Every structure is written in structure tokens, then in C-alpha cells.
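Below is model_31.pdb, which holds PDB, C-alpha atoms.
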```
ATOM      1  CA  GLN N  25      88.425  89.273 109.523  1.00  0.00           C
ATOM      2  CA  VAL N  26      91.871  88.970 107.992  1.00  0.00           C
ATOM      3  CA  ARG N  27      93.749  85.784 108.725  1.00  0.00           C
ATOM      4  CA  LEU N  28      97.482  85.450 108.190  1.00  0.00           C
ATOM      5  CA  ARG N  29      99.629  82.351 108.058  1.00  0.00           C
ATOM      6  CA  GLU N  30     103.399  82.408 107.759  1.00  0.00           C
ATOM      7  CA  SER N  31     105.600  79.695 106.350  1.00  0.00           C
ATOM      8  CA  GLY N  32     109.130  79.213 105.098  1.00  0.00           C
ATOM      9  CA  GLY N  33     111.186  79.572 108.251  1.00  0.00           C
ATOM     10  CA  GLY N  34     113.971  77.191 109.121  1.00  0.00           C
ATOM     11  CA  SER N  35     117.626  76.819 109.993  1.00  0.00           C
ATOM     12  CA  VAL N  36     120.386  77.966 107.669  1.00  0.00           C
ATOM     13  CA  GLN N  37     124.059  78.727 107.874  1.00  0.00           C
ATOM     14  CA  ALA N  38     125.415  82.252 107.628  1.00  0.00           C
ATOM     15  CA  GLU N  39     125.284  83.706 104.110  1.00  0.00           C
ATOM     16  CA  GLY N  40     122.381  81.419 103.293  1.00  0.00           C
ATOM     17  CA  SER N  41     118.921  82.409 102.076  1.00  0.00           C
ATOM     18  CA  LEU N  42     115.323  81.838 103.081  1.00  0.00           C
ATOM     19  CA  ARG N  43     111.983  82.957 101.704  1.00  0.00           C
ATOM     20  CA  LEU N  44     109.187  83.617 104.137  1.00  0.00           C
ATOM     21  CA  SER N  45     105.623  83.643 102.903  1.00  0.00           C
ATOM     22  CA  CYS N  46     102.496  85.113 104.449  1.00  0.00           C
ATOM     23  CA  GLN N  47      99.233  83.727 103.141  1.00  0.00           C
ATOM     24  CA  ALA N  48      96.340  86.116 103.697  1.00  0.00           C
ATOM     25  CA  SER N  49      92.671  85.226 103.690  1.00  0.00           C
ATOM     26  CA  GLY N  50      89.375  86.594 104.884  1.00  0.00           C
ATOM     27  CA  THR N  51      88.971  89.612 102.646  1.00  0.00           C
ATOM     28  CA  ASN N  52      88.930  90.455  98.970  1.00  0.00           C
ATOM     29  CA  TYR N  53      90.381  93.923  99.548  1.00  0.00           C
ATOM     30  CA  TYR N  54      94.002  93.264 100.413  1.00  0.00           C
ATOM     31  CA  GLU N  55      95.057  96.489  98.773  1.00  0.00           C
ATOM     32  CA  ARG N  56      93.400  98.315 101.667  1.00  0.00           C
ATOM     33  CA  TYR N  57      95.900  96.904 104.137  1.00  0.00           C
ATOM     34  CA  CYS N  58      99.442  97.810 104.986  1.00  0.00           C
ATOM     35  CA  MET N  59     101.374  94.553 105.307  1.00  0.00           C
ATOM     36  CA  ALA N  60     104.467  94.128 107.403  1.00  0.00           C
ATOM     37  CA  TRP N  61     107.034  91.694 108.685  1.00  0.00           C
ATOM     38  CA  PHE N  62     108.223  91.923 112.266  1.00  0.00           C
ATOM     39  CA  ARG N  63     110.911  90.007 114.102  1.00  0.00           C
ATOM     40  CA  GLN N  64     111.008  89.103 117.757  1.00  0.00           C
ATOM     41  CA  THR N  65     113.892  87.726 119.771  1.00  0.00           C
ATOM     42  CA  PRO N  66     113.750  86.448 123.366  1.00  0.00           C
ATOM     43  CA  GLY N  67     113.272  89.199 125.889  1.00  0.00           C
ATOM     44  CA  LYS N  68     112.741  91.914 123.287  1.00  0.00           C
ATOM     45  CA  GLU N  69     109.785  93.607 121.681  1.00  0.00           C
ATOM     46  CA  ARG N  70     108.776  92.922 118.126  1.00  0.00           C
ATOM     47  CA  GLU N  71     110.656  95.139 115.698  1.00  0.00           C
ATOM     48  CA  TRP N  72     109.649  95.929 112.188  1.00  0.00           C
ATOM     49  CA  ILE N  73     111.691  94.571 109.326  1.00  0.00           C
ATOM     50  CA  ALA N  74     109.790  95.426 106.154  1.00  0.00           C
ATOM     51  CA  LEU N  75     106.556  97.109 105.105  1.00  0.00           C
ATOM     52  CA  LEU N  76     104.425  97.010 102.010  1.00  0.00           C
ATOM     53  CA  SER N  77     102.309 100.140 101.733  1.00  0.00           C
ATOM     54  CA  THR N  78      98.541 100.136 101.486  1.00  0.00           C
ATOM     55  CA  GLY N  79      97.843  99.606  97.818  1.00  0.00           C
ATOM     56  CA  GLY N  80     101.132  97.756  97.443  1.00  0.00           C
ATOM     57  CA  GLY N  81     103.022 100.523  95.683  1.00  0.00           C
ATOM     58  CA  THR N  82     105.969 101.034  98.009  1.00  0.00           C
ATOM     59  CA  THR N  83     108.223  98.869 100.150  1.00  0.00           C
ATOM     60  CA  TYR N  84     110.153 100.024 103.187  1.00  0.00           C
ATOM     61  CA  PHE N  85     112.960  98.301 105.052  1.00  0.00           C
ATOM     62  CA  SER N  86     114.285  98.879 108.497  1.00  0.00           C
ATOM     63  CA  ASP N  87     117.608 100.686 108.583  1.00  0.00           C
ATOM     64  CA  VAL N  88     117.920 100.893 112.343  1.00  0.00           C
ATOM     65  CA  ARG N  89     120.252  97.955 112.448  1.00  0.00           C
ATOM     66  CA  ASP N  90     121.239  94.843 110.592  1.00  0.00           C
ATOM     67  CA  PHE N  91     120.947  96.730 107.326  1.00  0.00           C
ATOM     68  CA  VAL N  92     118.273  94.491 105.863  1.00  0.00           C
ATOM     69  CA  LYS N  93     117.780  96.738 102.872  1.00  0.00           C
ATOM     70  CA  GLY N  94     119.844  95.282 100.088  1.00  0.00           C
ATOM     71  CA  ARG N  95     119.638  91.826 101.572  1.00  0.00           C
ATOM     72  CA  PHE N  96     115.878  91.444 101.895  1.00  0.00           C
ATOM     73  CA  THR N  97     113.231  91.973  99.245  1.00  0.00           C
ATOM     74  CA  LEU N  98     109.475  92.145  99.628  1.00  0.00           C
ATOM     75  CA  SER N  99     106.907  91.165  97.051  1.00  0.00           C
ATOM     76  CA  ARG N 100     103.236  90.330  96.810  1.00  0.00           C
ATOM     77  CA  ASP N 101     101.665  87.605  94.722  1.00  0.00           C
ATOM     78  CA  HIS N 102      98.229  89.037  93.996  1.00  0.00           C
ATOM     79  CA  HIS N 103      96.917  85.794  92.569  1.00  0.00           C
ATOM     80  CA  SER N 104      97.523  83.856  95.785  1.00  0.00           C
ATOM     81  CA  ASN N 105      97.284  86.823  98.203  1.00  0.00           C
ATOM     82  CA  THR N 106     100.727  86.002  99.511  1.00  0.00           C
ATOM     83  CA  LEU N 107     103.351  88.393 100.819  1.00  0.00           C
ATOM     84  CA  ASN N 108     106.887  87.091 100.353  1.00  0.00           C
ATOM     85  CA  LEU N 109     110.021  88.166 102.206  1.00  0.00           C
ATOM     86  CA  GLN N 110     113.127  86.964 100.391  1.00  0.00           C
ATOM     87  CA  MET N 111     116.108  87.036 102.718  1.00  0.00           C
ATOM     88  CA  SER N 112     119.678  86.571 101.537  1.00  0.00           C
ATOM     89  CA  SER N 113     123.163  86.849 103.036  1.00  0.00           C
ATOM     90  CA  LEU N 114     121.627  85.901 106.353  1.00  0.00           C
ATOM     91  CA  GLN N 115     123.589  86.467 109.523  1.00  0.00           C
ATOM     92  CA  PRO N 116     123.113  85.125 113.043  1.00  0.00           C
ATOM     93  CA  GLY N 117     121.684  88.511 114.017  1.00  0.00           C
ATOM     94  CA  ASP N 118     118.779  87.854 111.657  1.00  0.00           C
ATOM     95  CA  SER N 119     117.596  84.959 113.800  1.00  0.00           C
ATOM     96  CA  GLY N 120     114.253  85.277 115.500  1.00  0.00           C
ATOM     97  CA  LEU N 121     110.551  84.610 115.259  1.00  0.00           C
ATOM     98  CA  TYR N 122     109.196  86.369 112.196  1.00  0.00           C
ATOM     99  CA  TYR N 123     105.618  87.560 112.158  1.00  0.00           C
ATOM    100  CA  CYS N 124     103.438  88.794 109.350  1.00  0.00           C
ATOM    101  CA  ALA N 125     101.004  91.575 110.270  1.00  0.00           C
ATOM    102  CA  ALA N 126      98.277  93.603 108.596  1.00  0.00           C
ATOM    103  CA  ARG N 127      96.875  97.034 109.324  1.00  0.00           C
ATOM    104  CA  SER N 128      93.863  98.557 107.619  1.00  0.00           C
ATOM    105  CA  GLY N 129      93.970 102.164 106.550  1.00  0.00           C
ATOM    106  CA  ALA N 130      95.881 104.500 104.287  1.00  0.00           C
ATOM    107  CA  SER N 131      99.154 104.607 106.179  1.00  0.00           C
ATOM    108  CA  CYS N 132     101.655 102.097 107.466  1.00  0.00           C
ATOM    109  CA  SER N 133     103.280 102.087 110.866  1.00  0.00           C
ATOM    110  CA  GLN N 134     106.493 100.752 112.351  1.00  0.00           C
ATOM    111  CA  GLY N 135     104.838 100.101 115.680  1.00  0.00           C
ATOM    112  CA  PRO N 136     103.550  96.603 116.344  1.00  0.00           C
ATOM    113  CA  ASN N 137     100.680  97.939 118.432  1.00  0.00           C
ATOM    114  CA  GLU N 138      99.235  99.555 115.302  1.00  0.00           C
ATOM    115  CA  TYR N 139      98.571  96.186 113.687  1.00  0.00           C
ATOM    116  CA  ALA N 140      95.372  94.332 114.414  1.00  0.00           C
ATOM    117  CA  TYR N 141      96.053  91.152 112.494  1.00  0.00           C
ATOM    118  CA  TRP N 142      98.927  88.772 113.096  1.00  0.00           C
ATOM    119  CA  GLY N 143     100.069  85.362 111.996  1.00  0.00           C
ATOM    120  CA  GLN N 144     101.411  82.743 114.367  1.00  0.00           C
ATOM    121  CA  GLY N 145     105.050  83.379 113.454  1.00  0.00           C
ATOM    122  CA  THR N 146     107.755  81.321 111.792  1.00  0.00           C
ATOM    123  CA  GLN N 147     111.181  80.701 113.298  1.00  0.00           C
ATOM    124  CA  VAL N 148     114.381  81.653 111.505  1.00  0.00           C
ATOM    125  CA  THR N 149     117.677  80.417 112.915  1.00  0.00           C
ATOM    126  CA  VAL N 150     120.985  81.380 111.337  1.00  0.00           C
ATOM    127  CA  SER N 151     124.138  79.656 112.540  1.00  0.00           C
ATOM    128  CA  THR N 152     127.795  80.398 111.944  1.00  0.00           C
TER     129      THR N 152
END
```
Take the structure in the file and write it out as C-alpha cells.
Amino acid sequence: QVRLRESGGGSVQAEGSLRLSCQASGTNYYERYCMAWFRQTPGKEREWIALLSTGGGTTYFSDVRDFVKGRFTLSRDHHSNTLNLQMSSLQPGDSGLYYCAARSGASCSQGPNEYAYWGQGTQVTVST
């Protein structure tokens, strides 16, 4: 049973930075999981922001809106089993509840329903 715990959220002004961390526990085979960050805002479904492929070789960023690629980076600390989302040049549109999620198997997915394991979420608020 994989357990995920997010941290690092908070309130910042526009153009500021935050680093979100997702501490994983419960398995010794983290490379068998696709890891992802999702964001949820009131009244909307969770939307994917960034993915780390199973095995950790490739990162993907949402380009549907907000253009996070180029502003966000994703990395994994293998020693501590932590997935980090470094966010810079934050804008009010980046605000929301950020969730870390894990999915076992060879492929990743952008759909939240494909992920069996979730953290409790960490709030990010960006003000002008």
C-alpha cells in the first residue's frame, strides 16, 4: 500500500516560487509507479500538471493551459523517496489544491481516475 504525503504549499505573491514535495512510503519499488501532480480548484475536476514516468526517466508537463512547462520542474529524490515540484513565476491562475498521485504499471495517464493512490493535498494560493 503506497502512502503519499504532500507538503510545501502556502501563499505567495505573483512571480514568486514554491516547492511542493510528495513523500512516498509503503513500498520499496517506487520505480514501478508513475507519479503525478494534479491541481483542483473549487467546482472543477482535478487536472494534471506534471507526470514522472514509471522508472523515472521522463517528465511531462501539461500544456493545455497556464503553460507550466518552463516554469515548473519535476524531480525525484531517490534517497528519501520524495517527488518535488518546483514552481516559479507563479500566477494567480496557479492557485489551487495540489495533489500527489501514484499509479502502478508501465504507463502514465493524465486522468485522475487512473490513479489509485493519493495524498491529502496541499494548498497553493498566489495573489497579485
What are the centre and the three edge lengths of an axis-aligned box that wraps all atoms of region 145-151 of chain N in the file, given that 8 Å is added to every side, written as lines of an AutoDock Vina configuration file and rounded to one decimal in Å?
```
center_x = 114.6
center_y = 81.5
center_z = 112.4
size_x = 35.1
size_y = 19.7
size_z = 18.1
```
>> Env of Ser41 (chain N): 8 Å cut, atoms = only C-alpha atoms, seq-sep filter 2 positions within chain, self excluded. Answer as a PyMOL selection string.
In response: chain N and resi 36+39+43+110-114
Limited to C-alpha atoms, could you put the picked residues into a file as a CSV table (one decimal), in the coordinates of the input?
```csv
chain,number,residue,atom,x,y,z
N,36,VAL,CA,120.4,78.0,107.7
N,39,GLU,CA,125.3,83.7,104.1
N,43,ARG,CA,112.0,83.0,101.7
N,110,GLN,CA,113.1,87.0,100.4
N,111,MET,CA,116.1,87.0,102.7
N,112,SER,CA,119.7,86.6,101.5
N,113,SER,CA,123.2,86.8,103.0
N,114,LEU,CA,121.6,85.9,106.4
```
>> Expand the PyMOL selection byres ((chain N and resi 127) around 12) into the explicit residue set it covers here, and present it as a VMD selection string.
In response: chain N and resid 25 to 28 54 to 61 75 to 79 124 to 126 128 to 142
> Which of these residues is nearest to Leu98 (chain N), using all atoms listed in the file: N:Leu44, N:Pro116, N:Ala38, N:Ser49?
Replying inline: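 Of all the options, N:Leu44 lies closest to Leu98 (chain N).
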>> Translate the PyMOL selection byres ((chain N and resi 30) around 7) into a concrete residue list for this structure, as a list in words.
In response: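 What the PyMOL selection byres ((chain N and resi 30) around 7) grabs from the file is Leu28, Arg29, Ser31, Leu44, Ser45, Cys46, Gln47, Cys124, Gly143, Gln144, Gly145 and Thr146 of chain N.
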> Applied to this file, what does the PyMOL selection byres ((chain N and resi 119) around 12) return in terms of residues, put as a VMD selection string?
Replying inline: chain N and resid 33 to 38 42 62 to 66 90 111 114 to 118 120 to 122 146 to 152
> Quick one: distance from CA of Gly80 (chain N) to CA of His103 (chain N) in Å, one decimal?
Replying inline: 13.6 Å
>> My list of candidates is N:Thr82, N:Ile73, N:Gly32, N:Tyr123. Which is closest to Arg100 (chain N) when distances are computed with all atoms listed in the file?
In response: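 That would be N:Thr82, the residue with the smallest distance to Arg100 (chain N).
Taking CA of Glu71 (chain N) as the reference point, CA of Tyr84 (chain N) is found at 13.4 Å.
Atom pair CA of Gly94 (chain N) / CA of Glu69 (chain N) has a distance of 23.9 Å (rounded to one decimal).
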